[in-house]
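Heads up: the structure comes next, in structure tokens.
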Amino acid sequence: MDDFARALVSLGVRRGSKVAIWATNVPAWFITFWAATKIGAVLVTVNTAYKIHEAEYLLRQSDTHTLVMIDHCLDSNYREIIQTLCPELADAKPGSALHCRKLPFLRNVITVGFRMPGCLTFDEAMDRANMVPREQILRMAAGVRPDDVCNMQYTSGTTGFPKGVMLTHRNIVSNVKATLECVSPKVGDTFLSFLPLSHTFERTAGYYLALATGCIIAYNRSVLLLAEDLKTIKPTVIISVPRVYERIYARVQDKLRKSRPIAKKLFDWAVEVGWRDFCRKNHLPVEKSGRSWLDGIVRATLLHKMANTLLSQFGGRLRIAISGGAALNHKVARTFCGLGLPIIQGYGMTEASPIIAGNCVEFNQPDTVGKPFCNVEIRLGEGNE
């Protein structure tokens, strides 16, 4: 990390310079993140799914000075996009300052996992580290303050052009501390990272939180291989959007439909009993049933077996499942919570860095996004929004 920070400084990156990272989820993402933030640069995160006009807008509007592109899969389109946006790369000498007409502030492009004309590879950039003394990096790091901007995080742009939200070091750290009041992973827990790291939700809940609690992060190879990676990595914590939980729920239901009819009835009965137990624990209304007198027998004979049917889809070790980005379907939430995997829902927005409210393990109400964090202020709008 320190050596890459020295390499960035050798390329003209200074405190306040914008370093954009356009990358899939890989460890090199965080080498870039920590190298840039240690010297007081501002990290600009670029969505790998961006089209050419979106990338041009973000890189120009943010005044990006250095762009780091990481692609170990070699299946992304952003290599072609940057070559289109900066055709001057074709004639540029790697390591010399770029002069790109469309992106006037861009001076360097560094590639990781592939080679491209006019760009420095990661190894070539690292060779420049010796040009900068280590003491200079230490002095720059000592000059970084809590209220300095750490990340320029662009919004989704659903109501217009994306906005570059300026998040400080204090914003990020305070949000992690508040998250720990809801979810406290254990030292050695394994996170599986598969949501895009260009989104602040994944970085906060899937990386900063893991780092703060001494956990391990494994990276999903691709969304298409998620089911296989879950069973191989056997995570204890995952951060996801509802769609992933809904897909796993659908997979279990499909498996039950292909089994004998009694299998689905027993599964649903186990969920019913487990849901009643969950409601009692979390002070929710408990539904009445004419067969609730059999709950003890079902709990002792069926519940554990049916829970394993669901948990095996995640590798069998999952303890904490966090969901955000949209409301989780009640039937899905009921099934997961009833079978011993209470999905924790929350709510956030980029401008709040990002989590605003959340349920917790001890008090979880799946039809809500939980209570507001103690260090934020909220108000309800029209229709209790």
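Residues in the structure tokens are named by chain (A, B, ... in the order shown) and by number from 1 within that chain; ligands are numbered from 1 in the order shown.
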
Need the shell around A:Val44: protein/DNA/RNA residues with any atom at most 6 Å away, counting only C-alpha atoms. Skip same-chain ones fewer than 5 positions apart. Format as a PDB file with N, CA and C atoms, in the first residue's frame?
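Output (out30.pdb):
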ATOM      1  N   VAL A  19      -8.386  10.661  -7.558  1.00  0.00           N
ATOM      2  CA  VAL A  19      -7.925   9.381  -8.088  1.00  0.00           C
ATOM      3  C   VAL A  19      -9.163   8.514  -8.305  1.00  0.00           C
ATOM      4  N   ALA A  20      -9.487   8.246  -9.559  1.00  0.00           N
ATOM      5  CA  ALA A  20     -10.678   7.450  -9.868  1.00  0.00           C
ATOM      6  C   ALA A  20     -10.295   5.978  -9.988  1.00  0.00           C
ATOM      7  N   ASN A 151     -13.788  10.545  -0.123  1.00  0.00           N
ATOM      8  CA  ASN A 151     -14.410   9.874  -1.262  1.00  0.00           C
ATOM      9  C   ASN A 151     -15.410  10.804  -1.940  1.00  0.00           C
ATOM     10  N   MET A 152     -15.298  10.943  -3.259  1.00  0.00           N
ATOM     11  CA  MET A 152     -16.339  11.613  -4.036  1.00  0.00           C
ATOM     12  C   MET A 152     -17.196  10.496  -4.631  1.00  0.00           C
TER      13      MET A 152
END

With a cut-off of 12 Å, could you pull out the residues of stretch 152-251 of chain A touching stretch 369-376 of chain A and give me the nearest pair of atoms for each, distance in Å to one decimal, using only C-alpha atoms, ordered by chain and ascending number, as a tab-separated table?
residue	atom	partner	partner_atom	distance
A:Asn171	CA	A:Asn375	CA	10.5
A:Val173	CA	A:Asn375	CA	11.8
A:Ser174	CA	A:Asn375	CA	8.0
A:Asn175	CA	A:Asn375	CA	8.4
A:Val176	CA	A:Phe373	CA	10.8
A:Lys177	CA	A:Asn375	CA	9.7
A:Ala178	CA	A:Phe373	CA	6.2
A:Thr179	CA	A:Phe373	CA	7.8
A:Leu180	CA	A:Phe373	CA	10.3
A:Glu181	CA	A:Phe373	CA	8.4
A:Cys182	CA	A:Phe373	CA	8.9

Write the residues you've just listed into a file as a compact mmCIF listing (two decimals), in the first residue's frame, and include C-alpha atoms for each of them.
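Once everything was written out, this is result-v4.txt:
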# COMPACT_ATOMS: atom_id res chain seq x y z
CA ASN A 171 -18.41 10.66 7.74
CA VAL A 173 -15.79 6.28 10.32
CA SER A 174 -18.86 7.57 12.19
CA ASN A 175 -21.16 5.51 9.97
CA VAL A 176 -19.17 2.34 10.66
CA LYS A 177 -19.31 3.00 14.40
CA ALA A 178 -23.07 3.47 14.22
CA THR A 179 -23.46 0.28 12.18
CA LEU A 180 -21.69 -1.66 14.94
CA GLU A 181 -24.59 -0.80 17.23
CA CYS A 182 -26.84 -2.91 14.97

**OP:** Write out as a VMD selection string each polymer residue whose atoms come within 9 Å of stretch 278-282 of chain A, counting only C-alpha atoms; drop sequence neighbours fewer than 2 positions from it.
**Re:** chain A and resid 273 to 276 284 to 287 337 to 338 340 342 362 to 365

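The list of residues with at least one atom within 9 Å of A:Thr155, based on only C-alpha atoms and without residues fewer than 5 positions apart in the same chain, reads Phe161, Pro162, Lys163, Gly164, Val165, His199, Met349, Thr350 and Glu351 of chain A.
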
Can you build me a table of stretch 306-351 of chain A residues sitting at most 6 Å from stretch 225-244 of chain A, with the closest atom pair per residue and its distance in Å to one decimal, using only C-alpha atoms, sorted by chain and residue number, as CSV?
residue,atom,partner,partner_atom,distance
A:Phe314,CA,A:Leu230,CA,5.1
A:Gly315,CA,A:Lys231,CA,4.0
A:Arg317,CA,A:Thr236,CA,5.3
A:Leu318,CA,A:Thr236,CA,4.0
A:Arg319,CA,A:Thr236,CA,5.2
A:Ile320,CA,A:Val237,CA,4.8
A:Ala321,CA,A:Ile238,CA,5.2
A:Ile322,CA,A:Ile239,CA,4.9
A:Ser323,CA,A:Ser240,CA,5.1
A:Gly324,CA,A:Val241,CA,5.3
A:Gly325,CA,A:Val241,CA,5.8
A:Leu328,CA,A:Pro242,CA,5.3

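Taking atom CA of A:Lys18 and atom CA of A:His65 as endpoints, the distance between them is 5.4 Å.
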
Among stretch 180-312 of chain A, which residues does DSSP mark as helix (DSSP H, G or I) when it is run on the backbone? Keep the chain and numbering as in the structure and answer as a compact mmCIF listing (two decimals) with N, CA and C atoms, in the first residue's frame.
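Everything below was put into states_30.txt:
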# COMPACT_ATOMS: atom_id res chain seq x y z
N THR A 200 -21.41 2.76 -2.22
CA THR A 200 -20.97 3.00 -0.84
C THR A 200 -21.60 2.02 0.15
N PHE A 201 -22.76 1.44 -0.16
CA PHE A 201 -23.37 0.44 0.72
C PHE A 201 -22.46 -0.77 0.88
N GLU A 202 -21.95 -1.29 -0.23
CA GLU A 202 -21.07 -2.46 -0.16
C GLU A 202 -19.76 -2.11 0.55
N ARG A 203 -19.22 -0.93 0.26
CA ARG A 203 -17.94 -0.58 0.89
C ARG A 203 -18.10 -0.43 2.40
N THR A 204 -19.20 0.21 2.83
CA THR A 204 -19.38 0.42 4.26
C THR A 204 -19.68 -0.88 4.99
N ALA A 205 -20.71 -1.58 4.52
CA ALA A 205 -21.15 -2.79 5.24
C ALA A 205 -20.30 -4.01 4.90
N GLY A 206 -19.72 -4.03 3.70
CA GLY A 206 -18.99 -5.21 3.27
C GLY A 206 -17.49 -5.11 3.36
N TYR A 207 -16.97 -3.88 3.57
CA TYR A 207 -15.52 -3.75 3.70
C TYR A 207 -15.10 -3.00 4.96
N TYR A 208 -15.55 -1.74 5.13
CA TYR A 208 -15.14 -0.98 6.31
C TYR A 208 -15.55 -1.71 7.59
N LEU A 209 -16.78 -2.26 7.60
CA LEU A 209 -17.26 -2.98 8.78
C LEU A 209 -16.41 -4.22 9.06
N ALA A 210 -16.06 -4.94 7.99
CA ALA A 210 -15.22 -6.13 8.15
C ALA A 210 -13.83 -5.76 8.67
N LEU A 211 -13.29 -4.68 8.12
CA LEU A 211 -11.96 -4.23 8.54
C LEU A 211 -11.98 -3.82 10.01
N ALA A 212 -13.03 -3.11 10.42
CA ALA A 212 -13.12 -2.61 11.79
C ALA A 212 -13.24 -3.72 12.82
N VAL A 223 -21.10 -12.73 -10.63
CA VAL A 223 -22.46 -12.97 -10.15
C VAL A 223 -22.97 -14.32 -10.64
N LEU A 224 -22.57 -14.71 -11.85
CA LEU A 224 -23.01 -16.00 -12.40
C LEU A 224 -22.50 -17.18 -11.58
N LEU A 225 -21.40 -16.96 -10.85
CA LEU A 225 -20.82 -18.04 -10.04
C LEU A 225 -21.12 -17.87 -8.56
N LEU A 226 -22.06 -16.99 -8.23
CA LEU A 226 -22.33 -16.70 -6.83
C LEU A 226 -22.78 -17.93 -6.05
N ALA A 227 -23.71 -18.70 -6.61
CA ALA A 227 -24.21 -19.89 -5.91
C ALA A 227 -23.08 -20.86 -5.60
N GLU A 228 -22.18 -21.03 -6.56
CA GLU A 228 -21.03 -21.93 -6.36
C GLU A 228 -20.06 -21.37 -5.32
N ASP A 229 -19.81 -20.06 -5.39
CA ASP A 229 -18.87 -19.44 -4.45
C ASP A 229 -19.41 -19.44 -3.02
N LEU A 230 -20.72 -19.30 -2.86
CA LEU A 230 -21.31 -19.38 -1.52
C LEU A 230 -21.03 -20.73 -0.88
N LYS A 231 -21.15 -21.78 -1.66
CA LYS A 231 -20.94 -23.13 -1.11
C LYS A 231 -19.46 -23.43 -0.90
N THR A 232 -18.59 -22.78 -1.68
CA THR A 232 -17.15 -23.01 -1.55
C THR A 232 -16.57 -22.20 -0.40
N ILE A 233 -16.93 -20.92 -0.33
CA ILE A 233 -16.36 -20.02 0.67
C ILE A 233 -17.02 -20.18 2.03
N PRO A 242 -32.23 -7.37 -1.94
CA PRO A 242 -33.30 -8.38 -1.84
C PRO A 242 -33.30 -9.40 -2.97
N ARG A 243 -32.88 -9.00 -4.16
CA ARG A 243 -32.98 -9.91 -5.30
C ARG A 243 -32.23 -11.22 -5.06
N VAL A 244 -31.08 -11.16 -4.39
CA VAL A 244 -30.30 -12.38 -4.15
C VAL A 244 -31.04 -13.31 -3.19
N TYR A 245 -31.60 -12.75 -2.12
CA TYR A 245 -32.36 -13.58 -1.17
C TYR A 245 -33.60 -14.17 -1.85
N GLU A 246 -34.21 -13.37 -2.70
CA GLU A 246 -35.41 -13.85 -3.41
C GLU A 246 -35.07 -14.97 -4.38
N ARG A 247 -33.91 -14.89 -5.01
CA ARG A 247 -33.49 -15.96 -5.92
C ARG A 247 -33.23 -17.27 -5.17
N ILE A 248 -32.60 -17.15 -4.01
CA ILE A 248 -32.34 -18.35 -3.22
C ILE A 248 -33.64 -18.94 -2.69
N TYR A 249 -34.56 -18.07 -2.28
CA TYR A 249 -35.88 -18.53 -1.85
C TYR A 249 -36.57 -19.27 -2.99
N ALA A 250 -36.50 -18.71 -4.20
CA ALA A 250 -37.12 -19.35 -5.36
C ALA A 250 -36.48 -20.69 -5.67
N ARG A 251 -35.16 -20.79 -5.48
CA ARG A 251 -34.46 -22.04 -5.74
C ARG A 251 -34.92 -23.13 -4.76
N VAL A 252 -35.09 -22.75 -3.50
CA VAL A 252 -35.57 -23.71 -2.49
C VAL A 252 -36.99 -24.14 -2.82
N GLN A 253 -37.84 -23.19 -3.20
CA GLN A 253 -39.22 -23.52 -3.54
C GLN A 253 -39.29 -24.44 -4.75
N ASP A 254 -38.42 -24.19 -5.72
CA ASP A 254 -38.40 -25.05 -6.91
C ASP A 254 -37.99 -26.47 -6.54
N LYS A 255 -37.01 -26.57 -5.63
CA LYS A 255 -36.57 -27.89 -5.18
C LYS A 255 -37.69 -28.62 -4.45
N LEU A 256 -38.47 -27.88 -3.65
CA LEU A 256 -39.58 -28.49 -2.92
C LEU A 256 -40.68 -28.95 -3.87
N ARG A 257 -40.93 -28.16 -4.92
CA ARG A 257 -41.97 -28.54 -5.90
C ARG A 257 -41.61 -29.85 -6.61
N PRO A 261 -45.12 -34.10 -2.43
CA PRO A 261 -45.98 -33.02 -1.91
C PRO A 261 -45.85 -32.80 -0.41
N ILE A 262 -45.59 -33.89 0.34
CA ILE A 262 -45.48 -33.77 1.79
C ILE A 262 -44.29 -32.90 2.20
N ALA A 263 -43.24 -32.88 1.33
CA ALA A 263 -42.03 -32.12 1.67
C ALA A 263 -42.33 -30.63 1.82
N LYS A 264 -43.11 -30.09 0.88
CA LYS A 264 -43.44 -28.66 0.95
C LYS A 264 -44.33 -28.37 2.16
N LYS A 265 -45.25 -29.25 2.46
CA LYS A 265 -46.13 -29.03 3.61
C LYS A 265 -45.33 -29.02 4.91
N LEU A 266 -44.38 -29.94 5.02
CA LEU A 266 -43.55 -29.97 6.22
C LEU A 266 -42.65 -28.74 6.32
N PHE A 267 -42.12 -28.32 5.16
CA PHE A 267 -41.27 -27.12 5.13
C PHE A 267 -42.08 -25.90 5.59
N ASP A 268 -43.27 -25.72 5.04
CA ASP A 268 -44.11 -24.58 5.39
C ASP A 268 -44.51 -24.61 6.87
N TRP A 269 -44.74 -25.80 7.39
CA TRP A 269 -45.10 -25.95 8.80
C TRP A 269 -43.92 -25.54 9.70
N ALA A 270 -42.73 -25.95 9.29
CA ALA A 270 -41.53 -25.57 10.06
C ALA A 270 -41.35 -24.05 10.05
N VAL A 271 -41.57 -23.43 8.89
CA VAL A 271 -41.47 -21.97 8.80
C VAL A 271 -42.50 -21.31 9.71
N GLU A 272 -43.71 -21.84 9.72
CA GLU A 272 -44.78 -21.29 10.55
C GLU A 272 -44.40 -21.30 12.03
N VAL A 273 -43.86 -22.42 12.48
CA VAL A 273 -43.45 -22.54 13.89
C VAL A 273 -42.27 -21.62 14.18
N GLY A 274 -41.30 -21.62 13.29
CA GLY A 274 -40.14 -20.77 13.48
C GLY A 274 -40.50 -19.30 13.48
N TRP A 275 -41.46 -18.93 12.64
CA TRP A 275 -41.90 -17.53 12.58
C TRP A 275 -42.57 -17.11 13.88
N ARG A 276 -43.35 -18.02 14.47
CA ARG A 276 -43.96 -17.70 15.76
C ARG A 276 -42.89 -17.48 16.83
N ASP A 277 -41.87 -18.34 16.82
CA ASP A 277 -40.76 -18.17 17.77
C ASP A 277 -40.06 -16.83 17.55
N PHE A 278 -39.84 -16.50 16.28
CA PHE A 278 -39.16 -15.23 15.94
C PHE A 278 -39.99 -14.04 16.42
N CYS A 279 -41.30 -14.09 16.22
CA CYS A 279 -42.16 -12.98 16.62
C CYS A 279 -42.14 -12.79 18.14
N ARG A 280 -42.15 -13.90 18.88
CA ARG A 280 -42.09 -13.77 20.34
C ARG A 280 -40.79 -13.11 20.77
N LYS A 281 -39.69 -13.54 20.17
CA LYS A 281 -38.38 -13.01 20.53
C LYS A 281 -38.26 -11.52 20.22
N SER A 292 -50.94 -24.80 16.94
CA SER A 292 -49.78 -24.27 17.65
C SER A 292 -49.41 -25.14 18.85
N TRP A 293 -50.35 -25.98 19.32
CA TRP A 293 -50.04 -26.87 20.44
C TRP A 293 -49.01 -27.93 20.04
N LEU A 294 -48.81 -28.08 18.73
CA LEU A 294 -47.81 -29.05 18.23
C LEU A 294 -46.45 -28.39 17.97
N ASP A 295 -46.32 -27.10 18.30
CA ASP A 295 -45.08 -26.38 17.98
C ASP A 295 -43.86 -27.06 18.58
N GLY A 296 -43.97 -27.55 19.80
CA GLY A 296 -42.82 -28.18 20.45
C GLY A 296 -42.32 -29.39 19.69
N ILE A 297 -43.25 -30.19 19.17
CA ILE A 297 -42.87 -31.39 18.41
C ILE A 297 -42.22 -31.01 17.09
N VAL A 298 -42.83 -30.03 16.40
CA VAL A 298 -42.27 -29.58 15.12
C VAL A 298 -40.88 -28.97 15.33
N ARG A 299 -40.76 -28.20 16.39
CA ARG A 299 -39.47 -27.57 16.70
C ARG A 299 -38.39 -28.62 16.94
N ALA A 300 -38.76 -29.68 17.59
CA ALA A 300 -37.78 -30.72 17.94
C ALA A 300 -37.45 -31.65 16.79
N THR A 301 -38.38 -31.80 15.84
CA THR A 301 -38.17 -32.81 14.79
C THR A 301 -37.93 -32.24 13.39
N LEU A 302 -38.56 -31.10 13.07
CA LEU A 302 -38.53 -30.60 11.70
C LEU A 302 -37.70 -29.34 11.51
N LEU A 303 -37.76 -28.45 12.48
CA LEU A 303 -37.23 -27.10 12.28
C LEU A 303 -35.76 -27.10 11.88
N HIS A 304 -34.94 -27.85 12.60
CA HIS A 304 -33.50 -27.87 12.32
C HIS A 304 -33.23 -28.42 10.91
N LYS A 305 -33.93 -29.47 10.56
CA LYS A 305 -33.72 -30.09 9.24
C LYS A 305 -34.10 -29.13 8.12
N MET A 306 -35.24 -28.45 8.25
CA MET A 306 -35.68 -27.53 7.21
C MET A 306 -34.79 -26.30 7.15
N ALA A 307 -34.30 -25.87 8.31
CA ALA A 307 -33.37 -24.75 8.32
C ALA A 307 -32.10 -25.08 7.55
N ASN A 308 -31.63 -26.30 7.71
CA ASN A 308 -30.43 -26.72 6.96
C ASN A 308 -30.67 -26.71 5.46
N THR A 309 -31.91 -27.02 5.03
CA THR A 309 -32.25 -26.98 3.61
C THR A 309 -32.00 -25.58 3.04
N LEU A 310 -32.37 -24.57 3.82
CA LEU A 310 -32.19 -23.19 3.37
C LEU A 310 -30.74 -22.74 3.53
N LEU A 311 -30.17 -22.97 4.71
CA LEU A 311 -28.81 -22.48 5.00
C LEU A 311 -27.75 -23.13 4.12
N SER A 312 -28.03 -24.35 3.64
CA SER A 312 -27.05 -25.01 2.78
C SER A 312 -26.84 -24.25 1.48

**OP:** Compare A:Thr66, A:Thr37, A:Ser76, A:Ser259 by their minimum atom-to-atom distance to A:Arg15, counting only C-alpha atoms, and give me the closest one.
**Re:**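 Among A:Thr66, A:Thr37, A:Ser76, A:Ser259, it is A:Thr37 that comes nearest to A:Arg15.
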
**OP:** Excluding A:Trp34 and any residue of its chain fewer than 6 positions from it, enumerate the residues within 9 Å of it, using only C-alpha atoms, and give them as a list in words.
**Re:**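 Within the cut-off, the hits are Met1, Asp2 and Ala5 of chain A.
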
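The closest residue to A:Ile82, picked from A:Met126, A:Glu377, A:Trp22, A:Trp29 and counting only C-alpha atoms, is A:Trp22.
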
**OP:** Please provide the set of residues having any atom within 12 Å of A:Val132, restricted to only C-alpha atoms, with same-chain residues fewer than 2 positions apart removed, written as a count of residues only.
**Re:** 24

**OP:** Could you tell me which of A:Gly113, A:Ile356, A:Ser17, A:Val183 comes closest to A:Ile344 if we count only C-alpha atoms?
**Re:** A:Val183

Subject >> Nearest to A:Ser198, chosen from A:Asp367, A:Glu54, A:Gly16, A:Tyr154, with only C-alpha atoms counted in the distances >> reply: A:Tyr154

Subject >> Neighbour list for A:Ala218 as a PyMOL selection string, cut-off 8 Å, only C-alpha atoms, skip fewer than 5 positions in-chain >> reply: chain A and resi 190-193+233
